[in-house]
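The next block holds one structure in the form of structure tokens; read it before the comments.
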Amino acid sequence: MKVTVVGAGNVGATCANCIAEKDIVNEVVLLDIKEGVAEGKSLDMWQTAPINLYDTRIKGVTNDYEATNNSEVVVITSGLPRKPGMSRDDLIATNAGIVKSVTENIIKHSPNAKIIIVSNPLDVMCYCAYLTAKVDSSRVFGMAGILDTARYRAFLAEALNVSPKDIQALLLGGHGDTMVPLPRYTTVSGILVTDLIDNHTLNAIIERTKVVGGKQ
């Protein structure tokens with residue numbers, strides 16, 4: 001199995017590294033537009049393979065979509081990050097053009113790939129990729145649900161001083177300030193979170209989950 005990660009910034013490089021270390025695919029291709037960045041980071045990752053005990057091959061390339069041929073999964077992290085005071089929606093015009101161009105190149109070389117979008121504003125970028133790829137909607141995903149849920153669970157674990165592994169939770173809605181965490185479907189080792197934490201603290205955690213992406 002071959003996976004491509006487009007964008008070798010902090011998110012893309014971390015994604016490629018995590019995939020490689022799990023040892024679940026044969027090859028990871030890390031692609032970026034900046035000369036030498038993906039190559040350098042990929043080389044660093046590959047040199048940790050003997051220590052972290054994995055044999056996933058990692059290849060870094062600069063704007064070479066030929067190297068992504070026949071990828072089964074493509075993760076798109078490309079785009080400008082938010083600056084202080086910006087909302088996710090402020091990035092629409094610029095990042096839509098980037099995601100459209102990346103998707104066109106990906107589909108050209110890996111027509112059967114499943115596409116996972118990380119770029120913001122995520123919901124809009126998913127739709128942009130879907131329209132560009134012209135594939136079934138089941139093949140274009142956004143990573144927001146798992147990220148938002150993870151943040152929510154992590155903050156609850158911190159407040160309750162428990163393991164995040166013991167917390168199960170559900171969030172609805174888009175990736176942004178309008179997301180809806182659902183306390184009545186949130187449990188800690190099967191116990192409703194509302195039985196373990198006061199409403200004021202719980203509501204503060206919910207609000208933090210909604211806005212924390214712009215403050216990190």
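In the structure tokens, chains take letters A, B, ... by order of appearance, with residues numbered from 1 within each chain and ligands from 1 in the order shown.
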Hey, what's within 12 Å of Gly97 (chain A) if we count only C-alpha atoms and toss same-chain stuff fewer than 2 positions away? As a VMD selection string, please? chain A and resid 78 to 80 91 to 95 99 to 104 119 124 to 125 128 to 129 132
Using N, CA and C atoms, can you write the selected residues to a file as an mmCIF file, in the first residue's frame?
```cif
data_model
loop_
_atom_site.group_PDB
_atom_site.id
_atom_site.type_symbol
_atom_site.label_atom_id
_atom_site.label_comp_id
_atom_site.auth_asym_id
_atom_site.auth_seq_id
_atom_site.Cartn_x
_atom_site.Cartn_y
_atom_site.Cartn_z
ATOM 1 N N SER A 78 -1.870 20.851 2.291
ATOM 2 C CA SER A 78 -1.375 22.085 1.678
ATOM 3 C C SER A 78 -2.281 23.272 1.960
ATOM 4 N N GLY A 79 -1.679 24.442 1.988
ATOM 5 C CA GLY A 79 -2.453 25.668 2.163
ATOM 6 C C GLY A 79 -1.804 26.576 3.183
ATOM 7 N N LEU A 80 -2.262 27.806 3.199
ATOM 8 C CA LEU A 80 -1.735 28.757 4.170
ATOM 9 C C LEU A 80 -2.355 28.517 5.536
ATOM 10 N N LEU A 91 -9.440 31.983 4.844
ATOM 11 C CA LEU A 91 -8.472 31.291 3.995
ATOM 12 C C LEU A 91 -9.083 30.727 2.721
ATOM 13 N N ILE A 92 -10.390 30.894 2.552
ATOM 14 C CA ILE A 92 -11.095 30.204 1.462
ATOM 15 C C ILE A 92 -10.479 30.475 0.100
ATOM 16 N N ALA A 93 -10.347 31.731 -0.275
ATOM 17 C CA ALA A 93 -9.927 32.068 -1.639
ATOM 18 C C ALA A 93 -8.557 31.488 -1.969
ATOM 19 N N THR A 94 -7.615 31.681 -1.082
ATOM 20 C CA THR A 94 -6.253 31.208 -1.350
ATOM 21 C C THR A 94 -6.167 29.689 -1.319
ATOM 22 N N ASN A 95 -6.680 29.093 -0.271
ATOM 23 C CA ASN A 95 -6.512 27.649 -0.112
ATOM 24 C C ASN A 95 -7.353 26.830 -1.082
ATOM 25 N N VAL A 99 -5.847 23.701 -3.081
ATOM 26 C CA VAL A 99 -6.444 22.364 -2.981
ATOM 27 C C VAL A 99 -6.927 21.889 -4.349
ATOM 28 N N LYS A 100 -7.481 22.793 -5.136
ATOM 29 C CA LYS A 100 -7.937 22.426 -6.485
ATOM 30 C C LYS A 100 -6.765 21.940 -7.330
ATOM 31 N N SER A 101 -5.660 22.682 -7.322
ATOM 32 C CA SER A 101 -4.491 22.306 -8.110
ATOM 33 C C SER A 101 -3.906 20.975 -7.644
ATOM 34 N N VAL A 102 -3.798 20.797 -6.332
ATOM 35 C CA VAL A 102 -3.255 19.542 -5.792
ATOM 36 C C VAL A 102 -4.149 18.372 -6.168
ATOM 37 N N THR A 103 -5.460 18.548 -6.023
ATOM 38 C CA THR A 103 -6.399 17.466 -6.326
ATOM 39 C C THR A 103 -6.326 17.065 -7.793
ATOM 40 N N GLU A 104 -6.219 18.043 -8.672
ATOM 41 C CA GLU A 104 -6.102 17.743 -10.105
ATOM 42 C C GLU A 104 -4.879 16.869 -10.378
ATOM 43 N N SER A 119 -6.548 20.591 5.028
ATOM 44 C CA SER A 119 -6.459 22.038 4.810
ATOM 45 C C SER A 119 -7.721 22.763 5.266
ATOM 46 N N VAL A 124 -15.197 23.382 3.498
ATOM 47 C CA VAL A 124 -15.203 23.962 2.151
ATOM 48 C C VAL A 124 -14.143 23.303 1.283
ATOM 49 N N MET A 125 -12.971 23.018 1.861
ATOM 50 C CA MET A 125 -11.903 22.386 1.087
ATOM 51 C C MET A 125 -12.284 20.958 0.677
ATOM 52 N N CYS A 128 -14.467 21.407 -2.261
ATOM 53 C CA CYS A 128 -13.639 21.819 -3.397
ATOM 54 C C CYS A 128 -12.932 20.607 -4.004
ATOM 55 N N ALA A 129 -12.353 19.765 -3.154
ATOM 56 C CA ALA A 129 -11.660 18.569 -3.642
ATOM 57 C C ALA A 129 -12.634 17.605 -4.320
ATOM 58 N N THR A 132 -13.538 18.921 -7.719
ATOM 59 C CA THR A 132 -12.383 18.842 -8.618
ATOM 60 C C THR A 132 -12.084 17.408 -9.031
#
```
Might you pull out every residue within 12 Å of Leu30 (chain A), with only C-alpha atoms counted and same-chain residues fewer than 3 positions away left off, and present them as a PDB file with N, CA, C and O atoms, in the first residue's frame?
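Saved to out-v4.pdb:
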```pdb
ATOM      1  N   LYS A   2       0.450   2.248  -0.746  1.00  0.00           N
ATOM      2  CA  LYS A   2       1.212   3.494  -0.879  1.00  0.00           C
ATOM      3  C   LYS A   2       0.345   4.664  -0.466  1.00  0.00           C
ATOM      4  O   LYS A   2      -0.813   4.767  -0.864  1.00  0.00           O
ATOM      5  N   VAL A   3       0.913   5.538   0.355  1.00  0.00           N
ATOM      6  CA  VAL A   3       0.208   6.726   0.825  1.00  0.00           C
ATOM      7  C   VAL A   3       1.036   7.952   0.467  1.00  0.00           C
ATOM      8  O   VAL A   3       2.260   7.961   0.646  1.00  0.00           O
ATOM      9  N   THR A   4       0.367   8.985  -0.023  1.00  0.00           N
ATOM     10  CA  THR A   4       1.028  10.260  -0.296  1.00  0.00           C
ATOM     11  C   THR A   4       0.513  11.314   0.667  1.00  0.00           C
ATOM     12  O   THR A   4      -0.691  11.395   0.920  1.00  0.00           O
ATOM     13  N   VAL A   5       1.419  12.116   1.194  1.00  0.00           N
ATOM     14  CA  VAL A   5       1.062  13.274   2.015  1.00  0.00           C
ATOM     15  C   VAL A   5       1.541  14.513   1.277  1.00  0.00           C
ATOM     16  O   VAL A   5       2.743  14.651   1.001  1.00  0.00           O
ATOM     17  N   VAL A   6       0.618  15.395   0.938  1.00  0.00           N
ATOM     18  CA  VAL A   6       0.966  16.612   0.218  1.00  0.00           C
ATOM     19  C   VAL A   6       1.060  17.766   1.207  1.00  0.00           C
ATOM     20  O   VAL A   6       0.087  18.110   1.868  1.00  0.00           O
ATOM     21  N   GLY A   7       2.242  18.351   1.284  1.00  0.00           N
ATOM     22  CA  GLY A   7       2.513  19.410   2.245  1.00  0.00           C
ATOM     23  C   GLY A   7       3.431  18.890   3.333  1.00  0.00           C
ATOM     24  O   GLY A   7       3.045  18.006   4.097  1.00  0.00           O
ATOM     25  N   ALA A   8       4.650  19.420   3.394  1.00  0.00           N
ATOM     26  CA  ALA A   8       5.643  18.920   4.350  1.00  0.00           C
ATOM     27  C   ALA A   8       5.850  19.881   5.511  1.00  0.00           C
ATOM     28  O   ALA A   8       6.928  19.918   6.109  1.00  0.00           O
ATOM     29  N   GLY A   9       4.817  20.655   5.831  1.00  0.00           N
ATOM     30  CA  GLY A   9       4.880  21.503   7.010  1.00  0.00           C
ATOM     31  C   GLY A   9       4.754  20.667   8.265  1.00  0.00           C
ATOM     32  O   GLY A   9       4.866  19.437   8.221  1.00  0.00           O
ATOM     33  N   VAL A  11       2.152  19.790  10.081  1.00  0.00           N
ATOM     34  CA  VAL A  11       1.073  18.802  10.047  1.00  0.00           C
ATOM     35  C   VAL A  11       1.402  17.676   9.075  1.00  0.00           C
ATOM     36  O   VAL A  11       1.268  16.488   9.396  1.00  0.00           O
ATOM     37  N   GLY A  12       1.830  18.023   7.874  1.00  0.00           N
ATOM     38  CA  GLY A  12       2.129  17.006   6.870  1.00  0.00           C
ATOM     39  C   GLY A  12       3.274  16.103   7.265  1.00  0.00           C
ATOM     40  O   GLY A  12       3.193  14.877   7.126  1.00  0.00           O
ATOM     41  N   ALA A  13       4.342  16.688   7.781  1.00  0.00           N
ATOM     42  CA  ALA A  13       5.503  15.886   8.179  1.00  0.00           C
ATOM     43  C   ALA A  13       5.156  14.975   9.355  1.00  0.00           C
ATOM     44  O   ALA A  13       5.569  13.815   9.394  1.00  0.00           O
ATOM     45  N   THR A  14       4.391  15.504  10.305  1.00  0.00           N
ATOM     46  CA  THR A  14       3.978  14.675  11.439  1.00  0.00           C
ATOM     47  C   THR A  14       3.094  13.528  10.982  1.00  0.00           C
ATOM     48  O   THR A  14       3.227  12.392  11.447  1.00  0.00           O
ATOM     49  N   CYS A  15       2.186  13.829  10.055  1.00  0.00           N
ATOM     50  CA  CYS A  15       1.304  12.795   9.502  1.00  0.00           C
ATOM     51  C   CYS A  15       2.120  11.694   8.834  1.00  0.00           C
ATOM     52  O   CYS A  15       1.906  10.505   9.088  1.00  0.00           O
ATOM     53  N   ALA A  16       3.063  12.074   7.987  1.00  0.00           N
ATOM     54  CA  ALA A  16       3.893  11.090   7.295  1.00  0.00           C
ATOM     55  C   ALA A  16       4.680  10.246   8.284  1.00  0.00           C
ATOM     56  O   ALA A  16       4.803   9.026   8.128  1.00  0.00           O
ATOM     57  N   ASN A  17       5.202  10.886   9.312  1.00  0.00           N
ATOM     58  CA  ASN A  17       5.994  10.178  10.312  1.00  0.00           C
ATOM     59  C   ASN A  17       5.141   9.166  11.085  1.00  0.00           C
ATOM     60  O   ASN A  17       5.568   8.020  11.317  1.00  0.00           O
ATOM     61  N   ILE A  19       2.351   7.707  10.104  1.00  0.00           N
ATOM     62  CA  ILE A  19       1.989   6.599   9.212  1.00  0.00           C
ATOM     63  C   ILE A  19       3.152   5.623   9.079  1.00  0.00           C
ATOM     64  O   ILE A  19       2.980   4.405   9.165  1.00  0.00           O
ATOM     65  N   ALA A  20       4.339   6.182   8.881  1.00  0.00           N
ATOM     66  CA  ALA A  20       5.528   5.331   8.717  1.00  0.00           C
ATOM     67  C   ALA A  20       5.773   4.504   9.962  1.00  0.00           C
ATOM     68  O   ALA A  20       6.023   3.291   9.877  1.00  0.00           O
ATOM     69  N   GLU A  27       4.897   2.232   1.487  1.00  0.00           N
ATOM     70  CA  GLU A  27       5.623   3.444   1.109  1.00  0.00           C
ATOM     71  C   GLU A  27       4.814   4.682   1.456  1.00  0.00           C
ATOM     72  O   GLU A  27       3.598   4.715   1.294  1.00  0.00           O
ATOM     73  N   ILE A  33       6.131  21.952  -2.219  1.00  0.00           N
ATOM     74  CA  ILE A  33       6.560  22.836  -3.305  1.00  0.00           C
ATOM     75  C   ILE A  33       7.896  23.512  -3.009  1.00  0.00           C
ATOM     76  O   ILE A  33       8.530  24.058  -3.906  1.00  0.00           O
ATOM     77  N   LYS A  34       8.322  23.473  -1.749  1.00  0.00           N
ATOM     78  CA  LYS A  34       9.586  24.113  -1.371  1.00  0.00           C
ATOM     79  C   LYS A  34      10.743  23.154  -1.606  1.00  0.00           C
ATOM     80  O   LYS A  34      10.749  22.036  -1.097  1.00  0.00           O
ATOM     81  N   GLY A  36      13.645  20.864  -1.534  1.00  0.00           N
ATOM     82  CA  GLY A  36      14.461  20.181  -0.558  1.00  0.00           C
ATOM     83  C   GLY A  36      13.824  19.928   0.791  1.00  0.00           C
ATOM     84  O   GLY A  36      14.364  19.148   1.591  1.00  0.00           O
ATOM     85  N   VAL A  37      12.690  20.562   1.086  1.00  0.00           N
ATOM     86  CA  VAL A  37      12.081  20.420   2.413  1.00  0.00           C
ATOM     87  C   VAL A  37      11.591  18.994   2.644  1.00  0.00           C
ATOM     88  O   VAL A  37      11.908  18.365   3.660  1.00  0.00           O
ATOM     89  N   ALA A  38      10.789  18.478   1.723  1.00  0.00           N
ATOM     90  CA  ALA A  38      10.255  17.125   1.881  1.00  0.00           C
ATOM     91  C   ALA A  38      11.370  16.084   1.869  1.00  0.00           C
ATOM     92  O   ALA A  38      11.339  15.107   2.634  1.00  0.00           O
ATOM     93  N   GLU A  39      12.374  16.310   1.023  1.00  0.00           N
ATOM     94  CA  GLU A  39      13.491  15.365   0.949  1.00  0.00           C
ATOM     95  C   GLU A  39      14.240  15.298   2.289  1.00  0.00           C
ATOM     96  O   GLU A  39      14.568  14.219   2.779  1.00  0.00           O
ATOM     97  N   GLY A  40      14.500  16.464   2.862  1.00  0.00           N
ATOM     98  CA  GLY A  40      15.233  16.506   4.120  1.00  0.00           C
ATOM     99  C   GLY A  40      14.470  15.873   5.263  1.00  0.00           C
ATOM    100  O   GLY A  40      15.027  15.071   6.039  1.00  0.00           O
ATOM    101  N   LYS A  41      13.186  16.205   5.373  1.00  0.00           N
ATOM    102  CA  LYS A  41      12.381  15.645   6.468  1.00  0.00           C
ATOM    103  C   LYS A  41      12.190  14.142   6.296  1.00  0.00           C
ATOM    104  O   LYS A  41      12.219  13.394   7.283  1.00  0.00           O
ATOM    105  N   SER A  42      12.017  13.704   5.062  1.00  0.00           N
ATOM    106  CA  SER A  42      11.842  12.271   4.816  1.00  0.00           C
ATOM    107  C   SER A  42      13.103  11.490   5.174  1.00  0.00           C
ATOM    108  O   SER A  42      13.027  10.385   5.730  1.00  0.00           O
ATOM    109  N   LEU A  43      14.261  12.062   4.854  1.00  0.00           N
ATOM    110  CA  LEU A  43      15.517  11.409   5.187  1.00  0.00           C
ATOM    111  C   LEU A  43      15.671  11.282   6.704  1.00  0.00           C
ATOM    112  O   LEU A  43      16.080  10.232   7.223  1.00  0.00           O
ATOM    113  N   MET A  45      13.262  11.057   8.878  1.00  0.00           N
ATOM    114  CA  MET A  45      12.321  10.018   9.327  1.00  0.00           C
ATOM    115  C   MET A  45      12.872   8.620   9.038  1.00  0.00           C
ATOM    116  O   MET A  45      12.813   7.721   9.887  1.00  0.00           O
ATOM    117  N   TRP A  46      13.390   8.434   7.831  1.00  0.00           N
ATOM    118  CA  TRP A  46      13.879   7.112   7.445  1.00  0.00           C
ATOM    119  C   TRP A  46      15.034   6.670   8.334  1.00  0.00           C
ATOM    120  O   TRP A  46      15.184   5.486   8.663  1.00  0.00           O
ATOM    121  N   ARG A  57       9.002   2.552   3.689  1.00  0.00           N
ATOM    122  CA  ARG A  57       9.896   3.411   2.917  1.00  0.00           C
ATOM    123  C   ARG A  57       9.305   4.819   2.842  1.00  0.00           C
ATOM    124  O   ARG A  57       8.116   4.991   2.557  1.00  0.00           O
ATOM    125  N   ILE A  58      10.131   5.819   3.052  1.00  0.00           N
ATOM    126  CA  ILE A  58       9.676   7.206   3.031  1.00  0.00           C
ATOM    127  C   ILE A  58      10.465   7.948   1.962  1.00  0.00           C
ATOM    128  O   ILE A  58      11.703   7.934   1.961  1.00  0.00           O
ATOM    129  N   LYS A  59       9.727   8.605   1.068  1.00  0.00           N
ATOM    130  CA  LYS A  59      10.370   9.319  -0.036  1.00  0.00           C
ATOM    131  C   LYS A  59       9.879  10.755  -0.064  1.00  0.00           C
ATOM    132  O   LYS A  59       8.673  11.002  -0.068  1.00  0.00           O
ATOM    133  N   GLY A  60      10.789  11.697  -0.079  1.00  0.00           N
ATOM    134  CA  GLY A  60      10.428  13.103  -0.177  1.00  0.00           C
ATOM    135  C   GLY A  60      10.695  13.639  -1.568  1.00  0.00           C
ATOM    136  O   GLY A  60      11.736  13.333  -2.163  1.00  0.00           O
ATOM    137  N   VAL A  61       9.767  14.420  -2.095  1.00  0.00           N
ATOM    138  CA  VAL A  61       9.924  14.979  -3.445  1.00  0.00           C
ATOM    139  C   VAL A  61       9.451  16.426  -3.475  1.00  0.00           C
ATOM    140  O   VAL A  61       8.611  16.845  -2.679  1.00  0.00           O
ATOM    141  N   THR A  62      10.005  17.184  -4.400  1.00  0.00           N
ATOM    142  CA  THR A  62       9.603  18.572  -4.606  1.00  0.00           C
ATOM    143  C   THR A  62       8.768  18.672  -5.874  1.00  0.00           C
ATOM    144  O   THR A  62       9.287  18.508  -6.983  1.00  0.00           O
ATOM    145  N   ASN A  63       7.478  18.879  -5.699  1.00  0.00           N
ATOM    146  CA  ASN A  63       6.550  19.108  -6.817  1.00  0.00           C
ATOM    147  C   ASN A  63       6.588  18.023  -7.887  1.00  0.00           C
ATOM    148  O   ASN A  63       6.275  18.284  -9.046  1.00  0.00           O
ATOM    149  N   ASP A  64       6.952  16.822  -7.530  1.00  0.00           N
ATOM    150  CA  ASP A  64       7.030  15.719  -8.496  1.00  0.00           C
ATOM    151  C   ASP A  64       5.865  14.768  -8.277  1.00  0.00           C
ATOM    152  O   ASP A  64       5.969  13.789  -7.527  1.00  0.00           O
ATOM    153  N   TYR A  65       4.757  15.036  -8.951  1.00  0.00           N
ATOM    154  CA  TYR A  65       3.565  14.207  -8.768  1.00  0.00           C
ATOM    155  C   TYR A  65       3.709  12.835  -9.409  1.00  0.00           C
ATOM    156  O   TYR A  65       2.949  11.923  -9.090  1.00  0.00           O
ATOM    157  N   ALA A  67       5.942  10.856  -8.704  1.00  0.00           N
ATOM    158  CA  ALA A  67       6.347   9.983  -7.597  1.00  0.00           C
ATOM    159  C   ALA A  67       5.155   9.493  -6.782  1.00  0.00           C
ATOM    160  O   ALA A  67       5.271   8.530  -6.025  1.00  0.00           O
ATOM    161  N   THR A  68       4.010  10.144  -6.962  1.00  0.00           N
ATOM    162  CA  THR A  68       2.812   9.753  -6.201  1.00  0.00           C
ATOM    163  C   THR A  68       1.963   8.732  -6.938  1.00  0.00           C
ATOM    164  O   THR A  68       0.901   8.332  -6.437  1.00  0.00           O
ATOM    165  N   SER A  71      -1.068   5.924  -5.686  1.00  0.00           N
ATOM    166  CA  SER A  71      -1.287   6.000  -4.241  1.00  0.00           C
ATOM    167  C   SER A  71      -2.702   5.548  -3.931  1.00  0.00           C
ATOM    168  O   SER A  71      -3.645   5.905  -4.635  1.00  0.00           O
ATOM    169  N   VAL A  74      -4.372   9.607  -0.291  1.00  0.00           N
ATOM    170  CA  VAL A  74      -3.633  10.867  -0.380  1.00  0.00           C
ATOM    171  C   VAL A  74      -4.169  11.813   0.682  1.00  0.00           C
ATOM    172  O   VAL A  74      -5.375  12.055   0.769  1.00  0.00           O
ATOM    173  N   VAL A  75      -3.265  12.324   1.501  1.00  0.00           N
ATOM    174  CA  VAL A  75      -3.625  13.280   2.546  1.00  0.00           C
ATOM    175  C   VAL A  75      -3.158  14.656   2.094  1.00  0.00           C
ATOM    176  O   VAL A  75      -1.970  14.862   1.835  1.00  0.00           O
ATOM    177  N   ILE A  76      -4.088  15.601   1.999  1.00  0.00           N
ATOM    178  CA  ILE A  76      -3.755  16.952   1.538  1.00  0.00           C
ATOM    179  C   ILE A  76      -3.726  17.904   2.725  1.00  0.00           C
ATOM    180  O   ILE A  76      -4.757  18.170   3.343  1.00  0.00           O
ATOM    181  N   THR A  77      -2.538  18.382   3.039  1.00  0.00           N
ATOM    182  CA  THR A  77      -2.383  19.342   4.139  1.00  0.00           C
ATOM    183  C   THR A  77      -1.979  20.715   3.603  1.00  0.00           C
ATOM    184  O   THR A  77      -1.765  21.640   4.391  1.00  0.00           O
ATOM    185  N   SER A  78      -1.870  20.851   2.291  1.00  0.00           N
ATOM    186  CA  SER A  78      -1.375  22.085   1.678  1.00  0.00           C
ATOM    187  C   SER A  78      -2.281  23.272   1.960  1.00  0.00           C
ATOM    188  O   SER A  78      -3.495  23.128   2.115  1.00  0.00           O
TER     189      SER A  78
END
```
Between A:Val193, A:Met143, A:Ala133, A:Met179, which one has atoms that come closest to Ala159 (chain A), using only C-alpha atoms?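 Ranking A:Val193, A:Met143, A:Ala133, A:Met179 by distance to Ala159 (chain A), first place goes to A:Val193.
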Env of Lys22 (chain A): 10 Å cut, atoms = only C-alpha atoms, seq-sep filter 2 positions within chain, self excluded. Answer as JSON, numbers by chain. {"A": [17, 18, 19, 20, 24, 25, 52, 53, 54, 55, 56]}
Looking at A:Val211, A:Glu35, A:Asn105, A:Thr48, which one is nearest to Glu21 (chain A), with distances taken over only C-alpha atoms?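 Going through A:Val211, A:Glu35, A:Asn105, A:Thr48 one by one, the smallest distance to Glu21 (chain A) is for A:Thr48.
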Which residue, A:Leu171, A:Leu160, A:Ala113, A:Ile146, has the smallest gap to Val188 (chain A) when you use only C-alpha atoms? A:Leu160
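Across A:Leu170, A:Val162, A:Ile107, A:Ala154, the tightest approach to Val135 (chain A) is made by A:Ile107 when counting only C-alpha atoms.
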Per-residue DSSP, region 34-180 of chain A, filtered to helix (DSSP H, G or I), as a ChimeraX atom specification: /A:37-46,49-52,65-68,88-109,122-133,137-139,144-160,164-166
Across A:Leu192, A:Val212, A:Leu172, A:Ile115, the smallest distance to Val73 (chain A), with only C-alpha atoms counted, is shown by A:Ile115
From a DSSP pass on the backbone, collect the residues of chain A flagged as strand (DSSP E) and hand them back as a ChimeraX atom specification. /A:2-6,27-32,57-62,73-76,114-117,140-142,167-168,171-172,180-181,187-188,191-192
Find the spatial neighbours of Arg208 (chain A), counting only C-alpha atoms, within a cut-off of 12 Å - ignore same-chain residues fewer than 2 positions away - and output them as a ChimeraX atom specification. /A:148,151-156,176-177,179-181,201-206,210-216
